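This report concerns only the one structure given below.
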Amino acid sequence: MANEALMHDSDENWRILIVEDDERLAALTKDYLESNGLKVSIEGDGARAIERIKSEQPDLVVLDLMLPGEDGLAVCRLVRPHYRGPILMLTARTEDLDQVLGLEMGADDYVAKPVRPRVLLARIRALLRRIHDVAEPVKEESSQENRLTFGNLVVDSAMREAWLDGRSIDLTSAEFDLLWLLSKSAGRVLTREEIFHQLRGIEYDGQDRSIDVRVSRIRPKVGDDPMNPRRIKTVRSKGYLFVKEI
């Protein structure tokens, strides 16, 4: 089988920036990803990575946690106001704290090292697929289905934007994906299993807190009270409910 079926035609030229100071690992990862149709560049210093991400605007960033110059958490935090693409964080440690901090800084997903190349490729494709899917031309007759209004909150999947009281909400790519999934299912409880399957393409292991962290970040952005949420409710032992009317 040639190069594991490509998600896109080769002329899509998705640009990936790997921020990793282990030169051998970075080179091996670059070779593997490029053999599967991606265009890859490498940066080994955190401080330089910040400027490159801002100026080059790659389609996706693979970001190591431990870096010289600035660590991965700092890089993520500092580029987020200037970069809306997906950030996939790599961490050599598996503690929940590292993963939660990464998500709070704006990472879209994370993978614990050492990571198998096929797993990394699958995670990258899943993140890029979201961009590709929403970039498809929107049929005029279904345009209303791509914009949902809930009082002072508007969510538009075609533009990948949301507005509160007419003002644009600053959302990461992953935060928008979750907000859209919840809002288009308004009035129905979505289990964590459903959310994981639809957004990350993997099964929920019962331990991953990424969805909970992301919901906690979205709530204040959409005008919800984090201590007493009325718009995005937690349904104990089940999942989350986006309320149609509040």
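Chain labels A, B, ... are given in the sequence in which chains occur in the structure tokens; within each chain residues are numbered consecutively from 1, and ligands are likewise numbered from 1 in the order shown.
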Every residue of segment 6-200 of chain A that DSSP places in strand (DSSP E), as a PyMOL selection string: chain A and resi 15-19+39-43+60-64+87-91+109-112+147-150+153-156+161-164+167-168+189-191
Can you write out the residues you just picked, keeping N, CA and C atoms, as a CSV table (one decimal), in the first residue's frame?
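Wrote it out as part.csv, contents follow:
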```
chain,number,residue,atom,x,y,z
A,15,ARG,N,1.2,22.8,5.4
A,15,ARG,CA,2.5,23.2,6.0
A,15,ARG,C,2.5,23.0,7.5
A,16,ILE,N,3.4,22.1,7.9
A,16,ILE,CA,3.5,21.7,9.3
A,16,ILE,C,4.9,22.3,9.8
A,17,LEU,N,4.8,22.9,11.0
A,17,LEU,CA,6.0,23.4,11.7
A,17,LEU,C,6.2,22.5,12.9
A,18,ILE,N,7.3,21.8,13.0
A,18,ILE,CA,7.7,21.0,14.1
A,18,ILE,C,8.6,21.8,15.0
A,19,VAL,N,8.2,22.0,16.2
A,19,VAL,CA,9.1,22.8,17.2
A,19,VAL,C,9.6,21.7,18.2
A,39,LYS,N,4.1,19.0,4.0
A,39,LYS,CA,5.2,19.8,3.8
A,39,LYS,C,5.7,20.3,5.2
A,40,VAL,N,6.9,19.9,5.6
A,40,VAL,CA,7.3,20.1,7.0
A,40,VAL,C,8.6,20.9,7.1
A,41,SER,N,8.6,21.8,8.1
A,41,SER,CA,9.8,22.5,8.5
A,41,SER,C,10.0,22.3,10.0
A,42,ILE,N,11.3,22.6,10.5
A,42,ILE,CA,11.7,22.3,11.8
A,42,ILE,C,12.2,23.6,12.5
A,43,GLU,N,11.9,23.8,13.8
A,43,GLU,CA,12.5,24.8,14.6
A,43,GLU,C,12.9,24.2,15.9
A,60,LEU,N,-0.4,23.9,10.7
A,60,LEU,CA,-0.5,23.2,12.0
A,60,LEU,C,0.9,23.3,12.6
A,61,VAL,N,0.9,23.3,14.0
A,61,VAL,CA,2.2,23.3,14.7
A,61,VAL,C,2.3,22.1,15.6
A,62,VAL,N,3.4,21.3,15.5
A,62,VAL,CA,3.6,20.3,16.4
A,62,VAL,C,4.6,20.8,17.4
A,63,LEU,N,4.2,21.0,18.7
A,63,LEU,CA,5.0,21.8,19.7
A,63,LEU,C,5.4,20.9,20.8
A,64,ASP,N,6.7,20.7,21.0
A,64,ASP,CA,7.3,20.0,22.2
A,64,ASP,C,7.2,20.9,23.4
A,87,ILE,N,-2.7,23.6,17.2
A,87,ILE,CA,-1.4,23.3,17.9
A,87,ILE,C,-1.5,22.0,18.6
A,88,LEU,N,-0.6,21.1,18.2
A,88,LEU,CA,-0.6,19.7,18.8
A,88,LEU,C,0.6,19.7,19.7
A,89,MET,N,0.4,19.5,20.9
A,89,MET,CA,1.5,19.6,21.9
A,89,MET,C,2.1,18.2,22.2
A,90,LEU,N,3.4,18.1,22.3
A,90,LEU,CA,4.1,16.8,22.6
A,90,LEU,C,4.7,17.0,24.0
A,91,THR,N,4.5,16.0,24.9
A,91,THR,CA,5.0,16.1,26.2
A,91,THR,C,5.6,14.7,26.6
A,109,ASP,N,-4.7,19.8,21.0
A,109,ASP,CA,-4.6,18.4,21.3
A,109,ASP,C,-3.2,18.1,21.8
A,110,TYR,N,-3.0,16.9,22.4
A,110,TYR,CA,-1.7,16.6,22.9
A,110,TYR,C,-1.4,15.1,22.8
A,111,VAL,N,-0.1,14.8,22.7
A,111,VAL,CA,0.3,13.4,22.5
A,111,VAL,C,1.5,13.2,23.5
A,112,ALA,N,1.5,12.1,24.3
A,112,ALA,CA,2.6,11.8,25.2
A,112,ALA,C,3.7,11.2,24.4
A,147,ARG,N,-25.4,28.8,10.5
A,147,ARG,CA,-25.4,29.9,11.5
A,147,ARG,C,-26.5,29.7,12.5
A,148,LEU,N,-26.1,29.6,13.7
A,148,LEU,CA,-27.1,29.3,14.8
A,148,LEU,C,-27.1,30.5,15.7
A,149,THR,N,-28.3,30.9,16.1
A,149,THR,CA,-28.5,32.1,17.0
A,149,THR,C,-29.2,31.7,18.3
A,150,PHE,N,-28.6,32.1,19.4
A,150,PHE,CA,-29.2,31.8,20.7
A,150,PHE,C,-29.2,33.1,21.5
A,153,LEU,N,-26.0,35.3,21.4
A,153,LEU,CA,-24.8,34.5,20.9
A,153,LEU,C,-25.1,34.0,19.5
A,154,VAL,N,-24.2,34.2,18.6
A,154,VAL,CA,-24.3,33.7,17.2
A,154,VAL,C,-23.1,32.8,17.0
A,155,VAL,N,-23.3,31.6,16.4
A,155,VAL,CA,-22.2,30.7,16.0
A,155,VAL,C,-22.3,30.4,14.6
A,156,ASP,N,-21.3,30.6,13.8
A,156,ASP,CA,-21.3,30.4,12.3
A,156,ASP,C,-20.2,29.4,12.0
A,161,GLU,N,-16.6,31.4,13.2
A,161,GLU,CA,-16.6,32.5,14.2
A,161,GLU,C,-17.8,32.5,15.0
A,162,ALA,N,-17.7,33.1,16.2
A,162,ALA,CA,-18.9,33.3,17.0
A,162,ALA,C,-18.9,34.7,17.5
A,163,TRP,N,-20.0,35.2,17.8
A,163,TRP,CA,-20.2,36.6,18.3
A,163,TRP,C,-21.1,36.6,19.5
A,164,LEU,N,-20.7,37.5,20.5
A,164,LEU,CA,-21.5,37.7,21.7
A,164,LEU,C,-21.8,39.2,21.8
A,167,ARG,N,-20.0,41.2,19.2
A,167,ARG,CA,-18.6,41.3,19.2
A,167,ARG,C,-18.0,39.9,19.0
A,168,SER,N,-16.9,39.8,18.1
A,168,SER,CA,-16.3,38.5,17.8
A,168,SER,C,-15.7,37.9,19.1
A,189,VAL,N,-28.2,16.2,25.5
A,189,VAL,CA,-27.0,15.9,26.2
A,189,VAL,C,-26.0,15.1,25.3
A,190,LEU,N,-24.8,15.7,25.2
A,190,LEU,CA,-23.8,15.0,24.5
A,190,LEU,C,-22.8,14.3,25.5
A,191,THR,N,-22.6,13.0,25.4
A,191,THR,CA,-21.7,12.3,26.3
A,191,THR,C,-20.3,12.6,25.9
```
query: What's the 12 Å shell around Arg230 of chain A, counting only C-alpha atoms, without same-chain residues fewer than 6 positions away, as an MDAnalysis selection string?
result: chainID A and resid 219:220 222:224 240:246
The selected residues should be written to file as a PDB file, in the first residue's frame (atoms: N, CA and C atoms).
```
ATOM      1  N   ARG A 219     -16.921  28.715  28.443  1.00  0.00           N
ATOM      2  CA  ARG A 219     -18.047  29.296  29.184  1.00  0.00           C
ATOM      3  C   ARG A 219     -17.968  30.815  29.352  1.00  0.00           C
ATOM      4  N   PRO A 220     -16.894  31.356  29.929  1.00  0.00           N
ATOM      5  CA  PRO A 220     -16.880  32.826  30.083  1.00  0.00           C
ATOM      6  C   PRO A 220     -16.855  33.562  28.756  1.00  0.00           C
ATOM      7  N   VAL A 222     -18.584  32.852  26.120  1.00  0.00           N
ATOM      8  CA  VAL A 222     -19.932  32.936  25.555  1.00  0.00           C
ATOM      9  C   VAL A 222     -20.913  33.540  26.557  1.00  0.00           C
ATOM     10  N   GLY A 223     -20.363  34.203  27.591  1.00  0.00           N
ATOM     11  CA  GLY A 223     -21.213  34.911  28.543  1.00  0.00           C
ATOM     12  C   GLY A 223     -21.799  34.050  29.631  1.00  0.00           C
ATOM     13  N   ASP A 224     -21.242  32.867  29.835  1.00  0.00           N
ATOM     14  CA  ASP A 224     -21.748  31.959  30.866  1.00  0.00           C
ATOM     15  C   ASP A 224     -21.004  32.207  32.179  1.00  0.00           C
ATOM     16  N   TYR A 240     -22.396  16.969  28.567  1.00  0.00           N
ATOM     17  CA  TYR A 240     -22.720  18.392  28.543  1.00  0.00           C
ATOM     18  C   TYR A 240     -23.996  18.649  27.741  1.00  0.00           C
ATOM     19  N   LEU A 241     -24.710  19.691  28.186  1.00  0.00           N
ATOM     20  CA  LEU A 241     -25.954  20.099  27.535  1.00  0.00           C
ATOM     21  C   LEU A 241     -25.858  21.575  27.197  1.00  0.00           C
ATOM     22  N   PHE A 242     -26.016  21.901  25.912  1.00  0.00           N
ATOM     23  CA  PHE A 242     -26.109  23.287  25.488  1.00  0.00           C
ATOM     24  C   PHE A 242     -27.580  23.665  25.510  1.00  0.00           C
ATOM     25  N   VAL A 243     -27.921  24.675  26.307  1.00  0.00           N
ATOM     26  CA  VAL A 243     -29.315  25.065  26.505  1.00  0.00           C
ATOM     27  C   VAL A 243     -29.767  25.984  25.380  1.00  0.00           C
ATOM     28  N   LYS A 244     -30.927  25.661  24.781  1.00  0.00           N
ATOM     29  CA  LYS A 244     -31.428  26.465  23.657  1.00  0.00           C
ATOM     30  C   LYS A 244     -31.771  27.869  24.061  1.00  0.00           C
ATOM     31  N   GLU A 245     -32.502  28.004  25.183  1.00  0.00           N
ATOM     32  CA  GLU A 245     -32.947  29.315  25.631  1.00  0.00           C
ATOM     33  C   GLU A 245     -32.594  29.502  27.094  1.00  0.00           C
ATOM     34  N   ILE A 246     -32.016  30.645  27.408  1.00  0.00           N
ATOM     35  CA  ILE A 246     -31.662  30.939  28.806  1.00  0.00           C
ATOM     36  C   ILE A 246     -32.288  32.252  29.243  1.00  0.00           C
TER      37      ILE A 246
END
```
message: Nearest residue to Ile169 of chain A out of A:Leu128, A:Leu25, A:Ile218, A:Leu65, using only C-alpha atoms?
response: A:Ile218
query: What's the 12 Å shell around Met105 of chain A, counting only C-alpha atoms, without same-chain residues fewer than 5 positions away, as a list in words?
result: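 Skipping anything fewer than 5 positions along the chain leaves Leu65, Asp71, Gly72, Leu73, Ala74, Val75, Cys76, Arg77, Leu78, Val79, Arg80, Pro81, Ile87, Leu88, Met89, Asp98, Gln99, Val100, Leu171, Thr172, Glu175, Val213, Arg214 and Arg217 of chain A.
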task: Pick out each residue of segment 70-183 of chain A that DSSP on the backbone tags as alpha helix (DSSP H); I need them as a ChimeraX atom specification.
output: /A:72-79,96-104,117-135,173-183
For C-alpha atoms, I'd like the residues from the last selection saved as an mmCIF file, in the first residue's frame.
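Full text of out_5.cif as output:
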```
data_model
loop_
_atom_site.group_PDB
_atom_site.id
_atom_site.type_symbol
_atom_site.label_atom_id
_atom_site.label_comp_id
_atom_site.auth_asym_id
_atom_site.auth_seq_id
_atom_site.Cartn_x
_atom_site.Cartn_y
_atom_site.Cartn_z
ATOM 1 C CA GLY A 72 6.156 24.883 24.879
ATOM 2 C CA LEU A 73 3.602 26.332 27.289
ATOM 3 C CA ALA A 74 5.053 29.819 26.896
ATOM 4 C CA VAL A 75 5.211 29.459 23.115
ATOM 5 C CA CYS A 76 1.566 28.405 23.016
ATOM 6 C CA ARG A 77 0.443 31.245 25.269
ATOM 7 C CA LEU A 78 2.394 33.913 23.395
ATOM 8 C CA VAL A 79 1.383 32.925 19.858
ATOM 9 C CA ASP A 96 -2.580 15.510 34.003
ATOM 10 C CA LEU A 97 -1.147 18.872 35.012
ATOM 11 C CA ASP A 98 1.017 19.132 31.896
ATOM 12 C CA GLN A 99 -1.879 18.228 29.648
ATOM 13 C CA VAL A 100 -4.306 20.592 31.362
ATOM 14 C CA LEU A 101 -1.817 23.475 31.306
ATOM 15 C CA GLY A 102 -1.227 22.908 27.607
ATOM 16 C CA LEU A 103 -4.939 23.056 26.873
ATOM 17 C CA GLU A 104 -5.359 26.137 29.044
ATOM 18 C CA PRO A 117 4.724 8.080 13.921
ATOM 19 C CA ARG A 118 1.442 6.576 12.717
ATOM 20 C CA VAL A 119 -0.342 7.906 15.810
ATOM 21 C CA LEU A 120 1.124 11.364 15.321
ATOM 22 C CA LEU A 121 0.118 11.359 11.657
ATOM 23 C CA ALA A 122 -3.428 10.312 12.596
ATOM 24 C CA ARG A 123 -3.741 13.135 15.137
ATOM 25 C CA ILE A 124 -2.388 15.668 12.641
ATOM 26 C CA ARG A 125 -4.821 14.491 9.981
ATOM 27 C CA ALA A 126 -7.740 14.689 12.415
ATOM 28 C CA LEU A 127 -6.908 18.319 13.228
ATOM 29 C CA LEU A 128 -6.367 19.259 9.569
ATOM 30 C CA ARG A 129 -9.544 17.473 8.526
ATOM 31 C CA ARG A 130 -11.579 19.951 10.571
ATOM 32 C CA ILE A 131 -10.092 22.820 8.590
ATOM 33 C CA HIS A 132 -10.597 21.015 5.281
ATOM 34 C CA ASP A 133 -14.196 20.066 6.043
ATOM 35 C CA VAL A 134 -15.313 23.582 6.912
ATOM 36 C CA ALA A 135 -13.432 25.020 3.936
ATOM 37 C CA SER A 173 -9.717 26.113 16.565
ATOM 38 C CA ALA A 174 -10.488 23.341 19.063
ATOM 39 C CA GLU A 175 -12.687 25.605 21.182
ATOM 40 C CA PHE A 176 -14.742 26.577 18.152
ATOM 41 C CA ASP A 177 -15.135 22.927 17.115
ATOM 42 C CA LEU A 178 -16.467 22.039 20.554
ATOM 43 C CA LEU A 179 -18.754 25.078 20.725
ATOM 44 C CA TRP A 180 -20.214 24.275 17.309
ATOM 45 C CA LEU A 181 -20.728 20.613 18.211
ATOM 46 C CA LEU A 182 -22.520 21.529 21.434
ATOM 47 C CA SER A 183 -24.598 24.319 19.921
#
```
- prompt: How many Å separate atom CA of Gly151 of chain A from atom CA of Asn228 of chain A?
  reply: 18.5 Å
task: Point out the residue among A:Glu20, A:Glu56, A:Asn152, A:Glu34 with the least atom-to-atom distance to Ala92 of chain A, counting only C-alpha atoms.
output: A:Glu20
Closest of A:Lys238, A:Arg24, A:His82, A:Arg160 to Glu194 of chain A - atom-to-atom distances counting only C-alpha atoms: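 Using only C-alpha atoms, the shortest distance to Glu194 of chain A belongs to A:Lys238.
Of the listed residues (A:Lys30, A:Asp22, A:Lys54, A:Ser216), A:Asp22 comes nearest to Pro68 of chain A; the distances count only C-alpha atoms.
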